[in-house]
$ cat structure31.txt   # compact mmCIF, C-alpha atoms
# COMPACT_ATOMS: atom_id res chain seq x y z
CA MET P 1 109.57 -15.70 230.05
CA ARG P 2 110.14 -16.71 226.49
CA HIS P 3 113.83 -15.78 226.78
CA PHE P 4 114.09 -17.68 230.09
CA SER P 5 112.51 -20.73 228.54
CA ARG P 6 114.97 -20.70 225.65
CA THR P 7 117.94 -20.31 228.00
CA VAL P 8 116.74 -23.14 230.22
CA ARG P 9 116.25 -25.36 227.18
CA ILE P 10 119.75 -24.68 225.96
CA VAL P 11 121.37 -25.23 229.36
CA LEU P 12 119.39 -28.38 230.14
CA GLY P 13 119.79 -29.68 226.65
CA MET P 14 123.54 -29.22 226.81
CA SER P 15 123.75 -31.01 230.14
CA PHE P 16 122.02 -33.99 228.51
CA ALA P 17 124.05 -33.84 225.36
CA ILE P 18 127.42 -33.52 227.05
CA THR P 19 127.45 -37.08 228.30
CA ALA P 20 124.89 -38.63 225.99
CA CYS P 21 127.41 -39.87 223.44
CA THR P 22 130.07 -40.99 225.90
CA THR P 23 129.24 -42.42 229.31
CA ALA P 24 125.60 -43.05 228.55
CA MET P 25 126.13 -45.15 225.45
CA GLY P 26 129.16 -47.20 226.39
CA GLY P 27 129.75 -50.34 224.36
CA GLY P 28 128.61 -53.83 225.10
CA ILE P 29 129.00 -57.48 224.07
CA THR P 30 132.71 -57.48 223.70
CA ALA P 31 133.75 -60.56 221.75
CA ASP P 32 136.93 -61.64 220.00
CA VAL P 33 138.25 -58.07 220.26
CA GLY P 34 141.86 -59.24 220.42
CA LEU P 35 141.52 -61.38 217.29
CA THR P 36 141.71 -60.00 213.77
CA PRO P 37 139.40 -61.48 211.11
CA PRO P 38 140.83 -63.53 208.24
CA LEU P 39 142.22 -61.91 205.11
CA ASP P 40 139.48 -60.72 202.74
CA ARG P 41 136.74 -61.43 205.29
CA TRP P 42 134.00 -58.93 206.15
CA ILE P 43 132.14 -58.49 209.40
CA PHE P 44 128.86 -56.60 209.52
CA ARG P 45 127.62 -55.69 212.95
CA THR P 46 124.75 -53.60 214.23
CA GLN P 47 123.04 -53.09 217.56
CA VAL P 48 120.11 -51.27 219.10
CA ARG P 49 121.17 -49.75 222.41
CA TYR P 50 118.81 -48.15 224.87
CA VAL P 51 119.65 -46.24 228.01
CA GLU P 52 117.61 -44.17 230.39
CA ARG P 53 118.84 -41.44 232.70
CA ASP P 54 116.90 -39.99 235.61
CA ASP P 55 117.26 -39.21 239.35
CA ASP P 56 117.69 -35.53 238.57
CA PRO P 57 119.93 -34.00 241.28
CA THR P 58 118.37 -30.57 240.69
CA GLY P 59 114.94 -31.83 241.74
CA MET P 60 113.44 -30.58 238.48
CA GLY P 61 112.40 -34.03 237.39
CA ARG P 62 114.40 -34.18 234.18
CA GLU P 63 114.54 -37.54 232.42
CA MET P 64 116.10 -38.83 229.25
CA GLN P 65 115.69 -41.90 227.08
CA MET P 66 118.20 -42.53 224.36
CA TYR P 67 118.50 -45.03 221.54
CA ALA P 68 121.66 -45.57 219.57
CA VAL P 69 122.08 -47.77 216.49
CA PRO P 70 125.73 -48.27 215.61
CA VAL P 71 126.48 -49.89 212.26
CA VAL P 72 129.97 -51.32 211.96
CA LEU P 73 131.72 -52.78 208.92
CA ALA P 74 135.10 -54.45 209.38
CA TYR P 75 137.35 -55.87 206.68
CA GLY P 76 140.42 -58.09 206.89
CA LEU P 77 142.68 -55.98 204.69
CA ARG P 78 145.64 -58.17 205.57
CA PRO P 79 145.78 -61.17 207.90
CA ASN P 80 147.16 -58.88 210.61
CA VAL P 81 145.38 -55.61 209.74
CA THR P 82 141.67 -54.92 210.05
CA VAL P 83 139.96 -51.74 208.87
CA ILE P 84 136.80 -50.79 210.73
CA ALA P 85 134.22 -48.13 209.86
CA ARG P 86 131.44 -47.11 212.24
CA GLN P 87 128.44 -44.82 211.97
CA ILE P 88 125.95 -44.34 214.80
CA ALA P 89 122.39 -43.05 214.55
CA PHE P 90 120.78 -41.61 217.67
CA HIS P 91 117.30 -40.87 218.91
CA ARG P 92 116.95 -38.94 222.15
CA ARG P 93 113.88 -38.01 224.13
CA MET P 94 114.25 -35.39 226.84
CA ASP P 95 111.55 -34.71 229.42
CA MET P 96 112.15 -31.34 231.04
CA PRO P 97 110.03 -29.09 233.28
CA LEU P 98 109.18 -26.61 230.55
CA VAL P 99 109.44 -28.63 227.42
CA ASP P 100 109.79 -32.15 226.09
CA ALA P 101 111.92 -32.69 223.05
CA GLU P 102 112.80 -35.52 220.72
CA VAL P 103 115.79 -35.40 218.43
CA THR P 104 117.05 -37.89 215.86
CA GLY P 105 120.35 -37.63 214.06
CA LEU P 106 123.72 -39.07 213.19
CA GLY P 107 126.84 -39.16 215.31
CA ASP P 108 130.38 -38.73 214.07
CA PHE P 109 131.85 -41.18 211.53
CA MET P 110 134.73 -43.24 212.86
CA LEU P 111 137.48 -45.04 210.96
CA MET P 112 139.74 -47.39 212.91
CA THR P 113 142.49 -49.88 212.26
CA LYS P 114 143.35 -52.88 214.39
CA TRP P 115 146.70 -54.69 214.22
CA ARG P 116 147.46 -58.23 215.26
CA ALA P 117 150.31 -57.77 217.72
CA LEU P 118 150.16 -61.33 219.04
CA ARG P 119 148.23 -64.44 218.11
CA VAL P 120 148.95 -67.76 219.78
CA ASN P 121 147.04 -70.82 218.61
CA ARG P 122 147.49 -73.87 220.82
CA ARG P 123 145.41 -77.01 221.25
CA ASP P 124 144.27 -75.95 224.73
CA TYR P 125 144.18 -72.17 224.43
CA ILE P 126 144.07 -69.17 222.10
CA LEU P 127 145.53 -65.77 222.89
CA GLY P 128 145.32 -62.59 220.86
CA ILE P 129 146.43 -59.02 221.48
CA ALA P 130 145.56 -56.22 219.08
CA PRO P 131 146.19 -52.47 219.48
CA VAL P 132 143.83 -50.06 217.75
CA LEU P 133 144.11 -46.54 216.40
CA GLY P 134 141.19 -44.58 215.06
CA VAL P 135 139.92 -41.17 214.15
CA GLU P 136 136.45 -39.71 214.50
CA ALA P 137 135.54 -37.08 211.96
CA PRO P 138 133.19 -34.18 212.85
CA THR P 139 130.48 -35.34 210.48
CA GLY P 140 127.67 -35.75 213.01
CA ASP P 141 124.63 -33.61 213.55
CA ASP P 142 124.87 -30.79 216.11
CA ASP P 143 123.03 -32.76 218.78
CA PHE P 144 125.13 -35.90 218.53
CA GLY P 145 128.48 -35.03 216.99
CA SER P 146 131.41 -33.56 218.89
CA ASP P 147 132.17 -30.97 216.15
CA THR P 148 135.86 -31.82 216.50
CA TRP P 149 138.32 -34.39 215.20
CA ASP P 150 138.85 -37.01 217.88
CA ALA P 151 141.47 -39.73 218.14
CA LEU P 152 140.96 -43.19 219.61
CA THR P 153 143.69 -45.49 220.80
CA GLY P 154 143.65 -48.64 222.81
CA ALA P 155 144.48 -52.30 223.12
CA PHE P 156 142.31 -55.41 222.96
CA LEU P 157 143.05 -58.82 224.43
CA THR P 158 141.25 -62.10 223.88
CA ALA P 159 141.95 -65.38 225.68
CA ARG P 160 140.14 -68.69 225.16
CA ARG P 161 140.65 -71.92 227.06
CA GLY P 162 138.18 -74.57 226.07
CA PRO P 163 134.68 -73.14 226.56
CA LEU P 164 135.96 -70.32 228.81
CA GLY P 165 136.59 -66.94 227.24
CA ALA P 166 137.87 -63.57 228.45
CA ASP P 167 138.05 -60.34 226.49
CA LEU P 168 139.67 -57.18 227.78
CA ASN P 169 139.26 -53.92 225.96
CA VAL P 170 140.95 -50.65 227.02
CA GLU P 171 140.31 -47.53 224.95
CA TYR P 172 141.27 -43.90 225.35
CA VAL P 173 139.49 -41.23 223.31
CA LEU P 174 141.45 -38.03 222.89
CA ASN P 175 138.78 -35.50 222.05
CA ALA P 176 139.27 -32.36 219.97
CA ILE P 177 142.78 -33.07 218.70
CA ASP P 178 142.32 -30.18 216.26
CA ASP P 179 141.28 -27.62 218.89
CA ARG P 180 143.13 -28.31 222.13
CA GLY P 181 143.45 -24.64 223.05
CA GLY P 182 140.49 -23.04 221.33
CA GLY P 183 137.74 -21.02 222.92
CA ALA P 184 134.92 -23.38 222.00
CA THR P 185 133.79 -26.18 224.29
CA ARG P 186 136.22 -29.05 224.11
CA PRO P 187 134.81 -32.41 225.16
CA GLY P 188 136.78 -34.17 227.87
CA ASP P 189 138.91 -37.18 227.06
CA ALA P 190 137.42 -40.56 227.92
CA LEU P 191 138.95 -43.80 229.21
CA THR P 192 136.95 -47.01 228.93
CA ALA P 193 137.94 -50.44 230.22
CA ASN P 194 135.73 -53.43 229.52
CA LEU P 195 136.15 -57.00 230.75
CA ALA P 196 133.88 -59.67 229.30
CA LEU P 197 133.78 -63.23 230.63
CA SER P 198 131.93 -65.94 228.72
CA TYR P 199 131.28 -69.67 228.65
CA GLN P 200 130.51 -71.44 225.39
CA PHE P 201 127.85 -74.14 225.14
CA THR P 202 127.65 -76.14 221.92
CA LEU P 203 124.01 -76.88 221.20
CA ASP P 204 124.12 -79.50 218.46
CA ARG P 205 126.22 -82.48 217.42
CA ASP P 206 127.56 -80.79 214.29
CA ALA P 207 128.63 -77.77 216.38
CA THR P 208 126.92 -75.26 214.11
CA LEU P 209 125.04 -73.71 217.06
CA SER P 210 126.66 -72.10 220.09
CA LEU P 211 125.36 -70.20 223.09
CA TRP P 212 127.50 -68.03 225.39
CA PRO P 213 126.27 -66.57 228.68
CA VAL P 214 128.31 -63.38 229.11
CA LEU P 215 129.13 -61.09 232.03
CA GLU P 216 130.65 -57.73 231.20
CA LEU P 217 132.12 -55.14 233.54
CA THR P 218 132.68 -51.69 232.04
CA TYR P 219 134.44 -48.76 233.68
CA THR P 220 134.30 -45.34 232.04
CA ASP P 221 136.10 -42.24 233.23
CA VAL P 222 135.39 -39.00 231.37
CA GLU P 223 137.24 -35.75 231.96
CA SER P 224 135.24 -32.59 232.41
CA ASP P 225 134.72 -30.60 229.24
CA ARG P 226 136.81 -27.44 228.90
CA ARG P 227 135.67 -24.01 227.85
CA ASN P 228 137.72 -20.78 227.91
CA GLY P 229 140.41 -22.45 229.99
CA GLY P 230 138.03 -23.71 232.67
CA GLY P 231 136.11 -26.89 233.31
CA VAL P 232 132.42 -27.21 232.50
CA ALA P 233 130.65 -28.08 235.75
CA ASP P 234 128.00 -30.47 234.46
CA SER P 235 130.33 -32.80 232.63
CA GLY P 236 132.70 -35.65 233.28
CA GLY P 237 132.76 -38.27 235.98
CA HIS P 238 133.06 -42.00 236.19
CA LEU P 239 130.74 -44.95 235.86
CA LEU P 240 130.97 -48.69 236.47
CA THR P 241 128.37 -51.03 234.98
CA ALA P 242 127.82 -54.77 235.20
CA ALA P 243 126.05 -56.42 232.30
CA PRO P 244 124.78 -59.99 232.12
CA GLY P 245 124.02 -61.06 228.59
CA VAL P 246 123.92 -63.83 226.05
CA LYS P 247 125.28 -64.54 222.56
CA PHE P 248 123.89 -67.06 220.13
CA ALA P 249 125.67 -68.12 216.95
CA ARG P 250 124.57 -70.22 214.00
CA GLN P 251 127.65 -70.63 211.82
CA SER P 252 128.54 -67.13 210.58
CA PHE P 253 125.51 -65.40 212.06
CA MET P 254 125.37 -64.17 215.65
CA LEU P 255 122.67 -62.60 217.81
CA GLU P 256 123.53 -60.87 221.07
CA ALA P 257 121.71 -59.17 223.95
CA LEU P 258 122.55 -57.82 227.36
CA VAL P 259 121.28 -55.62 230.17
CA GLN P 260 123.62 -52.99 231.63
CA LEU P 261 123.18 -52.22 235.31
CA PRO P 262 124.96 -49.27 236.93
CA VAL P 263 127.04 -50.45 239.88
CA SER P 264 128.83 -47.24 240.81
CA GLU P 265 128.69 -43.75 239.38
CA ASP P 266 130.03 -40.36 240.28
CA LEU P 267 129.02 -37.83 237.67
CA ASN P 268 130.04 -34.20 238.13
CA GLY P 269 127.55 -31.37 238.61
CA ASN P 270 123.89 -31.76 237.85
CA GLN P 271 124.07 -34.60 235.35
CA LEU P 272 121.33 -37.18 235.44
CA ASP P 273 122.17 -40.55 236.95
CA ARG P 274 122.67 -43.45 234.62
CA GLY P 275 119.75 -45.88 234.61
CA ILE P 276 119.39 -49.33 233.12
CA GLY P 277 120.71 -49.89 229.63
CA MET P 278 119.74 -52.61 227.17
CA LEU P 279 121.35 -53.86 224.01
CA ALA P 280 120.37 -56.22 221.23
CA GLY P 281 122.44 -56.81 218.16
CA LEU P 282 123.48 -59.04 215.32
CA ARG P 283 126.75 -59.85 213.60
CA TYR P 284 127.41 -61.54 210.28
CA LEU P 285 130.71 -62.74 208.83
CA PHE P 286 131.01 -63.06 205.09
CA MET U 287 109.14 -47.59 210.01
CA ARG U 288 106.98 -50.71 210.25
CA ARG U 289 108.13 -51.76 206.77
CA VAL U 290 111.76 -51.29 207.79
CA MET U 291 111.27 -53.39 210.93
CA LEU U 292 109.46 -56.09 208.93
CA GLY U 293 112.25 -56.12 206.37
CA LEU U 294 114.86 -56.42 209.13
CA VAL U 295 113.02 -59.34 210.75
CA LEU U 296 112.69 -61.12 207.37
CA TRP U 297 116.39 -60.57 206.70
CA VAL U 298 117.34 -62.07 210.09
CA VAL U 299 115.06 -65.08 209.50
CA GLY U 300 116.50 -65.48 206.01
CA MET U 301 120.05 -65.37 207.30
CA LEU U 302 119.29 -68.01 209.93
CA ALA U 303 117.65 -70.24 207.35
CA GLY U 304 120.49 -69.70 204.89
CA CYS U 305 123.11 -70.62 207.45
CA ALA U 306 121.36 -73.95 208.00
CA THR U 307 121.73 -74.91 204.34
CA PRO U 308 124.43 -77.60 204.02
CA GLN U 309 127.49 -76.42 202.12
CA PRO U 310 128.22 -78.41 198.92
CA LYS U 311 131.11 -80.77 199.43
CA VAL U 312 133.42 -81.37 196.48
CA GLN U 313 134.55 -84.98 196.64
CA ALA U 314 136.45 -85.21 193.36
CA GLY U 315 140.10 -86.02 193.54
CA GLN U 316 142.25 -86.44 196.62
CA ALA U 317 141.09 -85.29 200.05
CA THR U 318 143.41 -84.65 202.98
CA THR U 319 142.39 -83.73 206.51
CA TYR U 320 144.61 -81.47 208.60
CA GLU U 321 144.46 -80.34 212.19
CA VAL U 322 143.89 -76.57 212.47
CA LEU U 323 144.64 -74.73 215.71
CA GLY U 324 142.88 -71.52 216.71
CA MET U 325 139.30 -72.13 215.61
CA ASP U 326 136.93 -71.40 218.48
CA CYS U 327 133.48 -70.63 217.09
CA PRO U 328 130.90 -71.80 214.52
CA GLY U 329 131.73 -68.82 212.27
CA CYS U 330 135.42 -69.63 212.00
CA HIS U 331 135.12 -72.02 209.06
CA GLY U 332 134.04 -69.49 206.42
CA GLY U 333 137.23 -67.43 206.12
CA LEU U 334 139.42 -70.53 206.27
CA GLU U 335 137.49 -72.31 203.52
CA LYS U 336 137.44 -69.14 201.40
CA ASN U 337 141.22 -68.67 201.60
CA LEU U 338 141.99 -72.34 200.94
CA THR U 339 139.79 -72.51 197.85
CA LYS U 340 141.68 -69.55 196.36
CA ILE U 341 144.67 -71.86 195.89
CA PRO U 342 144.86 -73.14 192.29
CA GLY U 343 144.11 -76.86 192.30
CA VAL U 344 142.03 -76.80 195.48
CA VAL U 345 138.44 -77.55 194.52
CA GLY U 346 136.94 -77.52 198.00
CA ALA U 347 137.64 -77.17 201.70
CA THR U 348 135.43 -78.14 204.64
CA ALA U 349 136.37 -76.96 208.13
CA ASN U 350 135.01 -78.14 211.46
CA TRP U 351 135.82 -75.79 214.33
CA LYS U 352 134.81 -78.23 217.05
CA GLN U 353 137.08 -81.00 215.76
CA LYS U 354 139.72 -78.38 214.83
CA THR U 355 140.08 -79.87 211.35
CA VAL U 356 139.90 -78.89 207.72
CA THR U 357 139.54 -81.32 204.84
CA VAL U 358 141.07 -80.04 201.62
CA HIS U 359 139.86 -81.47 198.31
CA VAL U 360 142.43 -81.30 195.54
CA MET U 361 141.79 -81.54 191.81
CA GLU U 362 142.65 -84.91 190.23
CA GLY U 363 146.31 -84.89 189.28
CA ALA U 364 147.10 -81.54 190.94
CA THR U 365 149.83 -81.11 193.53
CA ILE U 366 149.56 -78.47 196.22
CA GLU U 367 152.63 -77.50 198.18
CA GLU U 368 152.01 -77.61 201.91
CA ALA U 369 153.52 -74.12 202.20
CA ARG U 370 150.59 -72.77 200.13
CA LEU U 371 148.14 -74.44 202.47
CA ARG U 372 150.02 -73.16 205.52
CA LYS U 373 149.98 -69.62 204.13
CA ALA U 374 146.22 -69.77 203.46
CA VAL U 375 145.58 -71.06 206.98
CA GLU U 376 147.78 -68.31 208.45
CA ASP U 377 145.97 -65.71 206.33
CA SER U 378 142.88 -66.90 208.19
CA ASN U 379 144.73 -66.32 211.50
CA PHE U 380 144.87 -70.02 212.34
CA THR U 381 147.78 -72.46 212.50
CA LEU U 382 148.09 -75.55 210.31
CA GLY U 383 148.71 -78.75 212.26
CA PRO U 384 149.70 -82.22 211.13
CA VAL U 385 147.88 -84.37 208.57
CA LEU U 386 145.27 -86.48 210.34
CA LYS U 387 144.15 -88.68 207.43
$ encode --input "structure31.txt" --output "structure tokens"
Amino acid sequence: MRHFSRTVRIVLGMSFAITACTTAMGGGITADVGLTPPLDRWIFRTQVRYVERDDDPTGMGREMQMYAVPVVLAYGLRPNVTVIARQIAFHRRMDMPLVDAEVTGLGDFMLMTKWRALRVNRRDYILGIAPVLGVEAPTGDDDFGSDTWDALTGAFLTARRGPLGADLNVEYVLNAIDDRGGGATRPGDALTANLALSYQFTLDRDATLSLWPVLELTYTDVESDRRNGGGVADSGGHLLTAAPGVKFARQSFMLEALVQLPVSEDLNGNQLDRGIGMLAGLRYLF
Amino acid sequence: MRRVMLGLVLWVVGMLAGCATPQPKVQAGQATTYEVLGMDCPGCHGGLEKNLTKIPGVVGATANWKQKTVTVHVMEGATIEEARLRKAVEDSNFTLGPVLK
């Protein structure tokens, strides 16, 4: 019984962990992604993200609550080159038939660069396109890190016309670039596309205060993990979320919050369904 | 944990209060106001003002994102080439427009 319990814990725990750091914790509040910050300008950004997963397809009543706190520091190294560092801390609570467990730890450290490919400044509109390239080092704890070097590539687009704004963000994460053929579990690659629409209200005469209602649509498609040449059953799938939210800015300081609602999901195997997600964050330019 | 949360809340309140403090405006010498294209948010002014005030002879710069303008204050007797201003504005990822006043 003791051996059975340990096996069940490992299997159930893995099925949680497999998607916990990818589909479950997708980004939110996409803003100005296609614009690079000014030369010698820093951006500090952090968020508290919460997501719950339930509707256990096995009927065992498994549930999971997860918190993630990403801390991001970006620097305008050149007017057209931004360097971005990100570290995420996680806290996960798993409710399982035989055992409940809570784990806290760090995810992998990511370093990314963003280039200004296009920036058009006109009186009636602004357009920016910026490709990104990043690498995620296997520095995270066992429960939250992928244990492999991962590469991230993508392109960001930002368009503004008066108070209307649109941000499009397409990213592809190539997992385990250092172990594509190895015998260990290789996490599946992940494609994420995010479209954020916003409308800016100026709240005071001096225009130091702004409020943006935001609607974000996020599509994530994750390949199944691979092990010994075969796919891992309880991994991969796709997810579409809609997220109404709001941003508030006072000069260089911004607060943001949104609620992520799953619209469509098709997760492979016995993964838990994605529940409601919530996000609150702040951003400071200095 | 409670101390950390309290500290975070105080920091947020402090930042909001700090942002409301009016920035000192240097009025000495000549002041010229330019149109600046590409500013779209209340946080845009900081990087632009920082890059402009790095230019020798510029003693102050005040940007207004809503009016799409920046007023550059130049030291008495100093001459700033417009190319230097243009470069500083472009380093901020904006575009320098014509002189407004």
$ closest_atom_pairs --input "structure31.txt" --of "chain P" --to "chain U" --cutoff "9 Å" --atoms "all atoms listed in the file" --output "Markdown table"
| residue | atom | partner | partner_atom | distance |
| --- | --- | --- | --- | --- |
| P:Leu35 | CA | U:Asn379 | CA | 8.3 |
| P:Thr36 | CA | U:Asn379 | CA | 7.4 |
| P:Pro37 | CA | U:Ser378 | CA | 7.1 |
| P:Pro38 | CA | U:Ser378 | CA | 3.9 |
| P:Leu39 | CA | U:Asp377 | CA | 5.5 |
| P:Asp40 | CA | U:Gly333 | CA | 7.8 |
| P:Arg41 | CA | U:Gly333 | CA | 6.1 |
| P:Arg78 | CA | U:Asp377 | CA | 7.6 |
| P:Pro79 | CA | U:Asp377 | CA | 4.8 |
| P:Asn80 | CA | U:Asn379 | CA | 7.9 |
| P:Arg119 | CA | U:Asn379 | CA | 7.7 |
| P:Val120 | CA | U:Gly324 | CA | 7.8 |
| P:Asn121 | CA | U:Gly324 | CA | 4.6 |
| P:Arg122 | CA | U:Leu323 | CA | 5.9 |
| P:Arg123 | CA | U:Leu323 | CA | 6.0 |
| P:Tyr125 | CA | U:Gly324 | CA | 7.9 |
| P:Ile126 | CA | U:Gly324 | CA | 6.0 |
| P:Leu127 | CA | U:Gly324 | CA | 8.8 |
| P:Arg160 | CA | U:Asp326 | CA | 7.9 |
| P:Gly162 | CA | U:Asp326 | CA | 8.3 |
| P:Pro163 | CA | U:Asp326 | CA | 8.6 |
| P:Gln200 | CA | U:Cys327 | CA | 8.9 |
| P:Thr202 | CA | U:Lys352 | CA | 8.9 |
| P:Asp206 | CA | U:Lys352 | CA | 8.2 |
| P:Ala207 | CA | U:Lys352 | CA | 6.2 |
| P:Thr208 | CA | U:Pro328 | CA | 5.3 |
| P:Leu209 | CA | U:Pro328 | CA | 6.7 |
| P:Ser210 | CA | U:Pro328 | CA | 7.0 |
| P:Ala249 | CA | U:Pro328 | CA | 6.8 |
| P:Arg250 | CA | U:Pro328 | CA | 6.5 |
| P:Gln251 | CA | U:Pro328 | CA | 4.4 |
| P:Ser252 | CA | U:Gly329 | CA | 4.0 |
| P:Phe253 | CA | U:Leu302 | CA | 7.1 |
| P:Met254 | CA | U:Gly329 | CA | 8.6 |
| P:Leu282 | CA | U:Val298 | CA | 8.6 |
| P:Tyr284 | CA | U:Gly329 | CA | 8.7 |
| P:Leu285 | CA | U:Gly329 | CA | 7.1 |
| P:Phe286 | CA | U:Gly332 | CA | 7.2 |
$ atom_distance --input "structure31.txt" --atom1 "CA of Ile29 in chain P" --atom2 "CA of Leu106 in chain P"
22.0 Å
$ atom_distance --input "structure31.txt" --atom1 "CA of Met64 in chain P" --atom2 "CA of Gly237 in chain P"
18.0 Å
$ residues_around --input "structure31.txt" --residues "Val246 in chain P" --least-positions-apart "3" --cutoff "9 Å" --atoms "only C-alpha atoms" --output "MDAnalysis selection string"
chainID P and resid 29 198 211:215 255:258
$ residues_near_point --input "structure31.txt" --point "(143.3, -72.3, 194.6)" --cutoff "10 Å" --atoms "all atoms listed in the file" --output "PyMOL selection string"
chain U and resi 336-346+360-361+366+370-371+374
$ atom_distance --input "structure31.txt" --atom1 "CA of Asp141 in chain P" --atom2 "CA of Ile84 in chain P"
21.2 Å
$ residues_around --input "structure31.txt" --residues "range 144-150 of chain P" --least-positions-apart "5" --cutoff "7 Å" --atoms "all atoms listed in the file" --output "count of residues only"
16
$ residues_around --input "structure31.txt" --residues "Gly231 in chain P" --least-positions-apart "4" --cutoff "12 Å" --atoms "all atoms listed in the file" --output "list in words"
Ala184, Thr185, Arg186, Pro187, Gly188, Glu223, Ser224, Asp225, Arg226, Arg227, Ser235, Gly236, Asn268 and Gly269 of chain P
